[in-house]
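Peer 1: Below you will find the structure I want to go over with you.
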Amino acid sequence: MTESTQTTNATVGGVDVEDLHIAYPTAVGKTSVVRGVSFAVAAGQTLAIVGESGAGKSLTARSLLGLLPAPTYVAAGAVNVAGTDVVQADPRAMRRLRGGLVGFIPQDPMSALNPVRRIGVIFHEVLSRHSQLSGKLRHEHISNVLTGVGLTHDVLSCYPHELSGGMKQRILIALALVTEPSVIVADEPTTALDATVQAQILELLSDRIAGRVALILITHDLGVAATVCERIAIMYAGRIVETGSTRSLLERPRHPYTRGLLAAAPDFSEGAGLIPIPGSPPRPTQIPTGCAFAPRCSRPDELCQTMPELDAADRGVACWHPFD
Amino acid sequence: MEGRSVQSHSAPDGEQFPLLAVSELRVSFPVGSRMLDAVRSVSFTVDTGVVYALVGESGCGKSTLARTICGMYRPAHGNVRFRGIDVHGATKNETRQIRKALQLLFQEALPSLNPRHTIRRILWEPQKANEVSKRMADAETAMIEQLAAVGLPHSTLDKFPRDFSGGQQQRIALARVLLLQPLLIIADEPVSALDVSVQAQVVHLLERLRKEKQLTYVLISHDLPLVSQIADHVGVMYLGEFVETGPARDVVTDPLHPYTAALRSATPVARISEIKRERIILRGEPPSALDPPPGCPFHERCPIARSICTTNKPHLAKRDDRRQVACHFPGELK
């Protein structure tokens with residue numbers, strides 16, 4: 001019932017991805033890495049895209065900013081971000097989008113900041129491109145954003161090497177927020193951080209950012225996804241195999257892969273977790289036809305030779321024999 | 001010499017020594033004109049067949065501790081005894097035996113596998129160096145058996161490291177270690193670079209091999225849920241020292257030190273019950289080992305610190321016959 005309103009909202013301030021295919025050229029044609037991914041995230045909503053290495057989650061995230069690493073390219077589909085058609089947009093429109101309407105939080109805070117620039121210079125560089133603010137107002141705005149992420153304006157005179165990993169990640173979050181974007185894409189934002197610092201950043205993401213923007217969090221860690229996001233999409237071999245609210249996904253996982261992931265991750269209760277999924281995720285060049293998970297699945301049959309589609313956009317599963 | 005043989009399981013005096021005994025270990029590095037104590041004072045023992053986990057955040061000294069145990073660094077104080085023999089004061093012959101019996105498994109297998117060598121050569125070289133086998137042809141059967149033990153086919157031998165997935169590369173690294181028939185394996189985050197669905201496979205393999213071969217592991221990990229599942233004992237490190245030690249399950253489920261409690265609480269777990277849980281969020285980050293704070297090294301970040309914590313350093317003290325904690329108010333923060 002809310003499907004149509006969601007899409008409209010998403011087109012205005014959020015993200016709308018429709019049947020996205022990402023591929024790279026090969027001698028005989030192309031290899032698809034992302035194979036028909038659709039999702040919508042409206043302003044104020046949060047979506048975690050969860051998957052293992054090679055699932056295509058990072059490429060999906062990068063395509064939202066038009067930052068696919070060569071030679072990968074969008075082979076088909078539509079990507080609409082904050083009202084801009086990213087696939088068709090000219091470079092000028094993309095520059096306005098990146099770091100302006102869309103904030104990006106990278107995985108590794110150590111290498112994301114120019115080591116020979118003071119933090120203040122980096123902030124001014126971003127704002128001179130994306131904001132009308134100047135002088136005192138600009139300085140006040142930067143200070144406010146820094147306070148919001150738990151830093152003081154003293155950091156503006158520092159070089160990146162003078163700051164700890166956690167502080168650098170806070171700076172990157174502040175840099176993503178400083179242009180007041182309507183969409184934030186965070187690609188494994190806490191993977192490089194220690195547990196106690198990760199907890200600080202996750203709190204920051206869920207208390208200060210979720211709800212204000214359309215937040216897309218890319219992670220391999222279901223625990224991180226569940227801590228920050230209301231909705232989760234599980235990717236496997238370039239496709240979304242299950243999606244739904246965090247609660248329903250954890251309570252009632254329907255895809256055998258989602259079940260397997262939950263059973264494989266260790267938790268604190270005695271004897272829980274650590275049940276392996278046999279085999280390993282397929283390489284993009286060796287994705288089986290039909291259901292890509294079938295070779296590792298406990299219940300495949302002839303039907304699984306045909307590729308299953310997500311049966312619904314809000315609480316969907318792409319499996320011929322889903323669990324109830 | 002006979003009684004001090006590292007390999008001998010039935011050395012006359014062998015059993016009165018634990019397999020590994022670390023006592024009052026301090027490891028320092030010069031930084032400019034000052035000394036940085038990466039490990040400040042650590043003592044623990046590991047008996048045969050046990051999984052002893054070292055837990056802590058980056059910079060806490062757990063990797064330095066592991067490397068010192070292997071003899072890669074010399075301690076500034078204290079010693080490491082392997083089956084009673086001082087690792088850093090051993091004779092040449094003893095050192096050779098210790099190096100064979102005490103093996104390392106790294107977080108990422110690929111950088112430890114020469115990309116230009118076949119798996120056959122990769123598996124054979126340590127055997128040659130340790131005089132397990134003189135000719136590659138003689139070692140062939142053992143290599144095939146060992147690959148089978150870690151779940152890899154015969155055909156693996158003629159391939160190169162890049163032909164394998166991350167999980168398979170870790171299995172190859174494990175096979176290479178096992179061919180030397182070690183007594184103790186120091187595993188530094190052995191599964192954290194692997195995908196979740198593959199992690200459990202390697203963990204089960206490590207478990208099975210431990211039982212079959214009476215192996216002992218020192219497991220370095222930041223993954224508290226994993227440690228609670230597979231370790232027998234755990235030492236939680238902060239700023240180069242243990243703040244809490246004890247049976248892994250007890251320490252994780254009923255932490256006595258506020259740092260352990262915070263680590264436990266900070267770990268995101270994908271379970272319904274965990275989503276809306278109140279978390280203990282520590283302020284700041286671990287202080288520099290160059291300037292450890294006075295009093296309790298944890299007091300600046302501790303949610304329950306009081307004035308005594310800023311002046312008096314709590315020492316690791318017995319709580320009961322199995323657990324130790326270094327805190328003035330143990331068990332207060334849950």
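Following the order of the structure tokens, first chain is A, next is B, and so on, with residues numbered from 1 inside each chain and ligands from 1 in the order they appear.
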As an NGL selection string, could you give me every residue of chain B near chain A (at most 8 Å apart, counting only C-alpha atoms)?
Peer 2: :B and (57-58 or 165 or 167 or 195-201 or 203-204 or 222 or 225-226 or 228-229 or 252-253 or 262-263 or 266-272 or 275-276 or 281-285)
Peer 1: Quick one: write out the picked residues with C-alpha atoms as an mmCIF file, in the first residue's frame?
Peer 2:
```
data_model
loop_
_atom_site.group_PDB
_atom_site.id
_atom_site.type_symbol
_atom_site.label_atom_id
_atom_site.label_comp_id
_atom_site.auth_asym_id
_atom_site.auth_seq_id
_atom_site.Cartn_x
_atom_site.Cartn_y
_atom_site.Cartn_z
ATOM 1 C CA GLU B 57 42.254 -3.980 21.195
ATOM 2 C CA SER B 58 45.027 -2.891 18.855
ATOM 3 C CA SER B 165 40.141 -18.961 -1.909
ATOM 4 C CA GLY B 167 39.665 -20.233 3.414
ATOM 5 C CA ASP B 195 34.083 -14.624 5.289
ATOM 6 C CA VAL B 196 31.667 -15.497 8.073
ATOM 7 C CA SER B 197 30.357 -18.576 6.298
ATOM 8 C CA VAL B 198 33.931 -19.862 5.882
ATOM 9 C CA GLN B 199 35.185 -18.838 9.356
ATOM 10 C CA ALA B 200 33.183 -21.569 11.028
ATOM 11 C CA GLN B 201 34.735 -24.208 8.736
ATOM 12 C CA VAL B 203 37.326 -22.983 13.409
ATOM 13 C CA HIS B 204 35.936 -26.517 13.312
ATOM 14 C CA HIS B 222 39.507 -9.478 19.192
ATOM 15 C CA PRO B 225 31.938 -14.296 20.849
ATOM 16 C CA LEU B 226 34.401 -16.574 19.062
ATOM 17 C CA SER B 228 33.728 -17.572 24.348
ATOM 18 C CA GLN B 229 32.940 -20.522 22.083
ATOM 19 C CA VAL B 252 32.764 -13.427 28.922
ATOM 20 C CA THR B 253 29.391 -14.174 30.482
ATOM 21 C CA ALA B 262 32.483 -2.911 28.079
ATOM 22 C CA LEU B 263 34.099 -5.090 25.408
ATOM 23 C CA ALA B 266 30.212 -3.217 22.694
ATOM 24 C CA THR B 267 30.172 -6.324 20.511
ATOM 25 C CA PRO B 268 27.315 -6.178 18.011
ATOM 26 C CA VAL B 269 25.601 -9.544 17.767
ATOM 27 C CA ALA B 270 22.870 -10.302 15.237
ATOM 28 C CA ARG B 271 20.242 -11.515 17.667
ATOM 29 C CA ILE B 272 16.838 -9.986 18.377
ATOM 30 C CA ILE B 275 19.170 -4.980 19.129
ATOM 31 C CA LYS B 276 17.642 -2.661 21.685
ATOM 32 C CA ILE B 281 29.941 2.932 25.519
ATOM 33 C CA LEU B 282 33.451 3.810 26.671
ATOM 34 C CA ARG B 283 34.733 7.310 26.215
ATOM 35 C CA GLY B 284 37.899 7.980 24.259
ATOM 36 C CA GLU B 285 40.441 5.457 23.116
#
```
Peer 1: Determine which residues of region 32-244 of chain A receive a DSSP assignment of helix (DSSP H, G or I), computed from the backbone, and state them as a PyMOL selection string.
Peer 2: chain A and resi 57-64+91-97+119-130+135-148+153-157+160-162+165-177+195-209+222-228
Peer 1: Counting only C-alpha atoms, which residue out of A:Pro106, A:Gly83, A:Gly148, A:Gly100 sits closest to Glu125 (chain A)?
Peer 2: A:Gly100
Peer 1: Which residues, written as a ChimeraX atom specification, have at least one atom at most 12 Å from region 111-114 of chain A, with only C-alpha atoms counted and residues fewer than 6 positions away on the same chain left out?
Peer 2: /A:104-105,120-123,125,158-163,165,167-173,175,189,192
Peer 1: Let me see the file: selected residues, N, CA, C and O atoms, as a tab-separated table (two decimals), in the first residue's frame.
Peer 2:
```tsv
chain	number	residue	atom	x	y	z
A	104	PHE	N	29.62	10.38	1.71
A	104	PHE	CA	30.19	9.03	1.64
A	104	PHE	C	31.14	8.84	2.82
A	104	PHE	O	32.02	9.66	3.07
A	105	ILE	N	30.93	7.77	3.56
A	105	ILE	CA	31.83	7.43	4.67
A	105	ILE	C	32.60	6.17	4.29
A	105	ILE	O	32.00	5.11	4.15
A	120	GLY	N	41.06	21.49	8.93
A	120	GLY	CA	40.29	22.69	8.60
A	120	GLY	C	40.29	22.96	7.10
A	120	GLY	O	39.26	23.31	6.52
A	121	VAL	N	41.44	22.79	6.48
A	121	VAL	CA	41.56	23.05	5.05
A	121	VAL	C	40.66	22.10	4.27
A	121	VAL	O	39.99	22.49	3.31
A	122	ILE	N	40.61	20.84	4.73
A	122	ILE	CA	39.77	19.85	4.04
A	122	ILE	C	38.30	20.26	4.14
A	122	ILE	O	37.57	20.21	3.15
A	123	PHE	N	37.88	20.72	5.31
A	123	PHE	CA	36.49	21.17	5.47
A	123	PHE	C	36.19	22.36	4.55
A	123	PHE	O	35.15	22.40	3.89
A	125	GLU	N	37.65	23.19	1.81
A	125	GLU	CA	37.65	22.74	0.42
A	125	GLU	C	36.28	22.20	0.03
A	125	GLU	O	35.73	22.54	-1.02
A	158	CYS	N	44.63	20.41	13.23
A	158	CYS	CA	45.47	19.21	13.26
A	158	CYS	C	45.68	18.65	11.85
A	158	CYS	O	44.88	18.86	10.95
A	159	TYR	N	46.77	17.91	11.73
A	159	TYR	CA	46.97	17.08	10.54
A	159	TYR	C	46.41	15.69	10.84
A	159	TYR	O	46.39	15.28	12.01
A	160	PRO	N	46.00	14.95	9.81
A	160	PRO	CA	45.41	13.63	10.07
A	160	PRO	C	46.26	12.72	10.96
A	160	PRO	O	45.72	12.02	11.81
A	161	HIS	N	47.58	12.78	10.81
A	161	HIS	CA	48.41	11.84	11.58
A	161	HIS	C	48.40	12.14	13.07
A	161	HIS	O	48.81	11.32	13.88
A	162	GLU	N	47.92	13.34	13.44
A	162	GLU	CA	47.87	13.68	14.87
A	162	GLU	C	46.63	13.12	15.55
A	162	GLU	O	46.44	13.29	16.74
A	163	LEU	N	45.75	12.50	14.77
A	163	LEU	CA	44.47	12.03	15.31
A	163	LEU	C	44.42	10.51	15.33
A	163	LEU	O	45.04	9.84	14.49
A	165	GLY	N	42.47	6.73	15.11
A	165	GLY	CA	41.58	6.14	14.11
A	165	GLY	C	40.12	6.52	14.33
A	165	GLY	O	39.41	6.86	13.40
A	167	MET	N	38.96	9.16	15.93
A	167	MET	CA	38.75	10.58	15.64
A	167	MET	C	38.71	10.83	14.14
A	167	MET	O	37.91	11.62	13.65
A	168	LYS	N	39.57	10.13	13.40
A	168	LYS	CA	39.56	10.30	11.94
A	168	LYS	C	38.22	9.86	11.37
A	168	LYS	O	37.68	10.50	10.46
A	169	GLN	N	37.68	8.76	11.89
A	169	GLN	CA	36.39	8.31	11.36
A	169	GLN	C	35.30	9.32	11.71
A	169	GLN	O	34.41	9.57	10.92
A	170	ARG	N	35.41	9.94	12.89
A	170	ARG	CA	34.45	11.00	13.24
A	170	ARG	C	34.56	12.18	12.27
A	170	ARG	O	33.57	12.78	11.88
A	171	ILE	N	35.82	12.52	11.93
A	171	ILE	CA	36.04	13.62	10.98
A	171	ILE	C	35.38	13.28	9.64
A	171	ILE	O	34.72	14.13	9.02
A	172	LEU	N	35.56	12.05	9.18
A	172	LEU	CA	34.98	11.67	7.89
A	172	LEU	C	33.46	11.70	7.94
A	172	LEU	O	32.81	12.07	6.97
A	173	ILE	N	32.91	11.34	9.09
A	173	ILE	CA	31.45	11.43	9.23
A	173	ILE	C	31.04	12.90	9.21
A	173	ILE	O	30.07	13.27	8.54
A	175	LEU	N	32.64	15.30	7.73
A	175	LEU	CA	32.81	15.77	6.35
A	175	LEU	C	31.63	15.35	5.48
A	175	LEU	O	31.21	16.07	4.58
A	189	PRO	N	31.93	1.24	7.64
A	189	PRO	CA	32.54	2.38	8.34
A	189	PRO	C	33.27	2.02	9.63
A	189	PRO	O	34.02	2.85	10.14
A	192	ALA	N	37.61	-1.09	10.23
A	192	ALA	CA	39.02	-0.86	10.57
A	192	ALA	C	39.20	-0.45	12.02
A	192	ALA	O	40.31	-0.20	12.45
```
Peer 1: Counting only C-alpha atoms, what is within 6 Å of Gly244 (chain A), bar same-chain residues fewer than 6 positions away, as a ChimeraX atom specification?
Peer 2: /A:231-232,314-315
Peer 1: From a DSSP calculation on the backbone, collect every residue of region 99-261 of chain A in strand (DSSP E) and output the set as a VMD selection string.
Peer 2: chain A and resid 102 to 105 183 to 187 214 to 219 231 to 236 239 to 245
Peer 1: Pick from B:Arg249, B:Arg171, B:Arg176, B:Arg279: nearest to Val191 (chain B), with only C-alpha atoms counted?
Peer 2: B:Arg171
Peer 1: Which polymer residues have any atom within 9 Å of an atom of Ala76 (chain A), counting only C-alpha atoms, with same-chain residues fewer than 3 positions away left out, as a list in words?
Peer 2: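 What passes the distance filter is Asp19, Leu20, His21, Ile22, Gly36 and Tyr73 of chain A.
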Peer 1: Those residues you just picked out, can you put them in a file as a compact mmCIF listing (two decimals), in the first residue's frame with N, CA and C atoms?
Peer 2:
```txt
# COMPACT_ATOMS: atom_id res chain seq x y z
N ASP A 19 16.68 -2.66 -10.85
CA ASP A 19 17.26 -3.69 -11.71
C ASP A 19 18.69 -3.35 -12.14
N LEU A 20 19.51 -3.02 -11.17
CA LEU A 20 20.89 -2.60 -11.45
C LEU A 20 21.77 -3.79 -11.81
N HIS A 21 22.47 -3.64 -12.93
CA HIS A 21 23.48 -4.64 -13.34
C HIS A 21 24.82 -3.94 -13.44
N ILE A 22 25.84 -4.50 -12.80
CA ILE A 22 27.19 -3.96 -12.92
C ILE A 22 28.07 -5.07 -13.48
N GLY A 36 21.06 -7.48 -11.21
CA GLY A 36 19.64 -7.20 -11.04
C GLY A 36 19.27 -6.90 -9.61
N TYR A 73 31.30 -1.18 -14.95
CA TYR A 73 30.36 -0.16 -15.41
C TYR A 73 28.93 -0.63 -15.18
```
Peer 1: Return the single residue from B:Thr260, B:Thr311, B:Asn130, B:Gln103 that is closest to Leu174 (chain B), with distances computed using only C-alpha atoms.
Peer 2: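 Residue with the minimum atom-to-atom distance to Leu174 (chain B): B:Gln103.
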Peer 1: Work out how far CA of Ala289 (chain B) is from CA of His233 (chain B), in Å to one decimal.
Peer 2: 25.4 Å
Peer 1: With a distance cut-off of 9 Å and only C-alpha atoms, select the neighbouring residues of Glu140 (chain B), excluding the residue or stretch itself and same-chain residues fewer than 4 positions from it, and output the selection as a PyMOL selection string.
Peer 2: chain B and resi 120+124+136+144-145
Peer 1: Once you have the residues from the selection above, write them out as a PDB file, in the first residue's frame, restricted to C-alpha atoms.
Peer 2:
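Result saved to selection-v4.pdb:
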```pdb
ATOM      1  CA  ARG B 120      54.336 -28.718  -2.947  1.00  0.00           C
ATOM      2  CA  TRP B 124      58.208 -28.915   1.729  1.00  0.00           C
ATOM      3  CA  MET B 136      61.005 -33.687  -1.402  1.00  0.00           C
ATOM      4  CA  ILE B 144      49.137 -35.520   0.725  1.00  0.00           C
ATOM      5  CA  GLU B 145      47.959 -36.912   4.055  1.00  0.00           C
TER       6      GLU B 145
END
```
Peer 1: Compile the contact shell of Asp163 (chain B) as a ChimeraX atom specification: residues with an atom at most 12 Å away, counting only C-alpha atoms, same-chain residues fewer than 3 positions apart removed.
Peer 2: /A:283 /B:110,113,115-119,155-160,166-169,172
Peer 1: I need the residues from that last selection saved to file as a compact mmCIF listing (two decimals), in the first residue's frame (with all heavy atoms), if you can.
Peer 2:
```txt
# COMPACT_ATOMS: atom_id res chain seq x y z
N ARG A 283 33.20 -17.20 -7.36
CA ARG A 283 33.83 -16.06 -8.00
C ARG A 283 32.89 -15.56 -9.09
O ARG A 283 32.11 -16.35 -9.63
CB ARG A 283 35.17 -16.48 -8.61
CG ARG A 283 36.15 -16.91 -7.54
CD ARG A 283 37.49 -17.30 -8.13
NE ARG A 283 38.38 -17.78 -7.06
CZ ARG A 283 39.66 -18.03 -7.21
NH1 ARG A 283 40.23 -17.86 -8.38
NH2 ARG A 283 40.38 -18.43 -6.20
N LEU B 110 47.68 -15.56 2.65
CA LEU B 110 48.28 -15.30 1.33
C LEU B 110 49.66 -14.65 1.39
O LEU B 110 50.58 -15.12 0.72
CB LEU B 110 47.32 -14.48 0.45
CG LEU B 110 47.74 -14.35 -1.01
CD1 LEU B 110 47.88 -15.70 -1.69
CD2 LEU B 110 46.77 -13.48 -1.79
N LEU B 113 52.45 -17.06 1.85
CA LEU B 113 52.68 -18.11 0.86
C LEU B 113 53.36 -17.50 -0.36
O LEU B 113 52.83 -16.58 -0.97
CB LEU B 113 51.33 -18.73 0.43
CG LEU B 113 50.44 -19.30 1.55
CD1 LEU B 113 49.07 -19.68 1.00
CD2 LEU B 113 51.10 -20.47 2.23
N PRO B 115 54.14 -16.49 -3.79
CA PRO B 115 53.25 -16.59 -4.95
C PRO B 115 53.88 -17.35 -6.12
O PRO B 115 53.16 -17.81 -7.01
CB PRO B 115 52.98 -15.13 -5.33
CG PRO B 115 54.12 -14.36 -4.76
CD PRO B 115 54.53 -15.10 -3.51
N ARG B 116 55.20 -17.48 -6.14
CA ARG B 116 55.86 -18.12 -7.29
C ARG B 116 56.18 -19.59 -7.04
O ARG B 116 56.73 -20.25 -7.89
CB ARG B 116 57.13 -17.34 -7.65
CG ARG B 116 56.81 -15.90 -8.00
CD ARG B 116 58.01 -15.13 -8.36
NE ARG B 116 58.76 -15.78 -9.43
CZ ARG B 116 59.79 -15.22 -10.03
NH1 ARG B 116 60.18 -14.02 -9.67
NH2 ARG B 116 60.43 -15.85 -10.98
N HIS B 117 55.84 -20.06 -5.84
CA HIS B 117 56.11 -21.47 -5.54
C HIS B 117 54.84 -22.30 -5.60
O HIS B 117 53.77 -21.82 -5.27
CB HIS B 117 56.71 -21.60 -4.13
CG HIS B 117 58.12 -21.10 -4.06
ND1 HIS B 117 58.87 -21.16 -2.91
CD2 HIS B 117 58.92 -20.54 -5.00
CE1 HIS B 117 60.07 -20.65 -3.14
NE2 HIS B 117 60.12 -20.26 -4.40
N THR B 118 55.00 -23.55 -6.01
CA THR B 118 53.85 -24.45 -5.96
C THR B 118 53.58 -24.79 -4.50
O THR B 118 54.44 -24.62 -3.63
CB THR B 118 54.14 -25.78 -6.70
OG1 THR B 118 55.28 -26.38 -6.08
CG2 THR B 118 54.40 -25.55 -8.17
N ILE B 119 52.37 -25.29 -4.24
CA ILE B 119 52.02 -25.67 -2.87
C ILE B 119 52.97 -26.77 -2.40
O ILE B 119 53.37 -26.80 -1.23
CB ILE B 119 50.55 -26.14 -2.79
CG1 ILE B 119 49.62 -25.04 -3.33
CG2 ILE B 119 50.17 -26.51 -1.37
CD1 ILE B 119 49.72 -23.70 -2.66
N SER B 155 45.46 -32.86 -5.71
CA SER B 155 45.83 -31.99 -6.84
C SER B 155 46.31 -30.62 -6.37
O SER B 155 46.92 -29.87 -7.15
CB SER B 155 44.62 -31.82 -7.76
OG SER B 155 43.54 -31.28 -7.02
N THR B 156 46.09 -30.29 -5.10
CA THR B 156 46.52 -29.01 -4.54
C THR B 156 48.03 -28.81 -4.74
O THR B 156 48.49 -27.70 -5.00
CB THR B 156 46.20 -28.99 -3.03
OG1 THR B 156 44.81 -29.22 -2.87
CG2 THR B 156 46.56 -27.66 -2.40
N LEU B 157 48.80 -29.90 -4.63
CA LEU B 157 50.26 -29.81 -4.62
C LEU B 157 50.85 -29.08 -5.82
O LEU B 157 51.84 -28.38 -5.69
CB LEU B 157 50.86 -31.23 -4.56
CG LEU B 157 50.82 -31.92 -3.20
CD1 LEU B 157 51.44 -33.30 -3.32
CD2 LEU B 157 51.55 -31.09 -2.15
N ASP B 158 50.23 -29.24 -6.99
CA ASP B 158 50.81 -28.65 -8.20
C ASP B 158 50.26 -27.28 -8.53
O ASP B 158 50.59 -26.71 -9.55
CB ASP B 158 50.61 -29.61 -9.38
CG ASP B 158 51.41 -30.88 -9.17
OD1 ASP B 158 52.61 -30.77 -8.90
OD2 ASP B 158 50.82 -31.97 -9.25
N LYS B 159 49.43 -26.74 -7.66
CA LYS B 159 48.86 -25.43 -7.93
C LYS B 159 49.63 -24.35 -7.18
O LYS B 159 50.54 -24.63 -6.39
CB LYS B 159 47.38 -25.41 -7.52
CG LYS B 159 46.54 -26.35 -8.37
CD LYS B 159 45.08 -26.20 -8.02
CE LYS B 159 44.24 -27.13 -8.88
NZ LYS B 159 42.89 -27.27 -8.35
N PHE B 160 49.22 -23.10 -7.42
CA PHE B 160 49.86 -21.95 -6.80
C PHE B 160 48.90 -21.29 -5.80
O PHE B 160 47.69 -21.46 -5.91
CB PHE B 160 50.29 -20.95 -7.87
CG PHE B 160 51.42 -21.45 -8.72
CD1 PHE B 160 51.17 -22.19 -9.86
CD2 PHE B 160 52.73 -21.18 -8.35
CE1 PHE B 160 52.22 -22.67 -10.63
CE2 PHE B 160 53.78 -21.65 -9.11
CZ PHE B 160 53.54 -22.41 -10.26
N GLY B 166 40.38 -17.67 0.12
CA GLY B 166 40.96 -17.30 1.41
C GLY B 166 40.93 -18.44 2.42
O GLY B 166 41.90 -18.69 3.12
N GLY B 167 39.80 -19.13 2.47
CA GLY B 167 39.67 -20.23 3.41
C GLY B 167 40.62 -21.37 3.08
O GLY B 167 41.23 -21.98 3.96
N GLN B 168 40.76 -21.64 1.79
CA GLN B 168 41.67 -22.71 1.36
C GLN B 168 43.12 -22.33 1.63
O GLN B 168 43.93 -23.17 2.03
CB GLN B 168 41.46 -23.00 -0.13
CG GLN B 168 40.12 -23.66 -0.42
CD GLN B 168 39.78 -23.68 -1.90
OE1 GLN B 168 40.18 -22.78 -2.65
NE2 GLN B 168 39.04 -24.68 -2.33
N GLN B 169 43.46 -21.04 1.42
CA GLN B 169 44.82 -20.59 1.70
C GLN B 169 45.15 -20.77 3.18
O GLN B 169 46.25 -21.18 3.53
CB GLN B 169 44.98 -19.12 1.30
CG GLN B 169 45.01 -18.92 -0.22
CD GLN B 169 44.71 -17.49 -0.62
OE1 GLN B 169 44.47 -16.63 0.23
NE2 GLN B 169 44.71 -17.23 -1.91
N ILE B 172 45.97 -24.31 3.75
CA ILE B 172 47.31 -24.65 3.28
C ILE B 172 48.35 -24.22 4.32
O ILE B 172 49.26 -24.97 4.66
CB ILE B 172 47.59 -23.99 1.91
CG1 ILE B 172 46.71 -24.64 0.83
CG2 ILE B 172 49.07 -24.10 1.53
CD1 ILE B 172 46.66 -23.89 -0.47
```
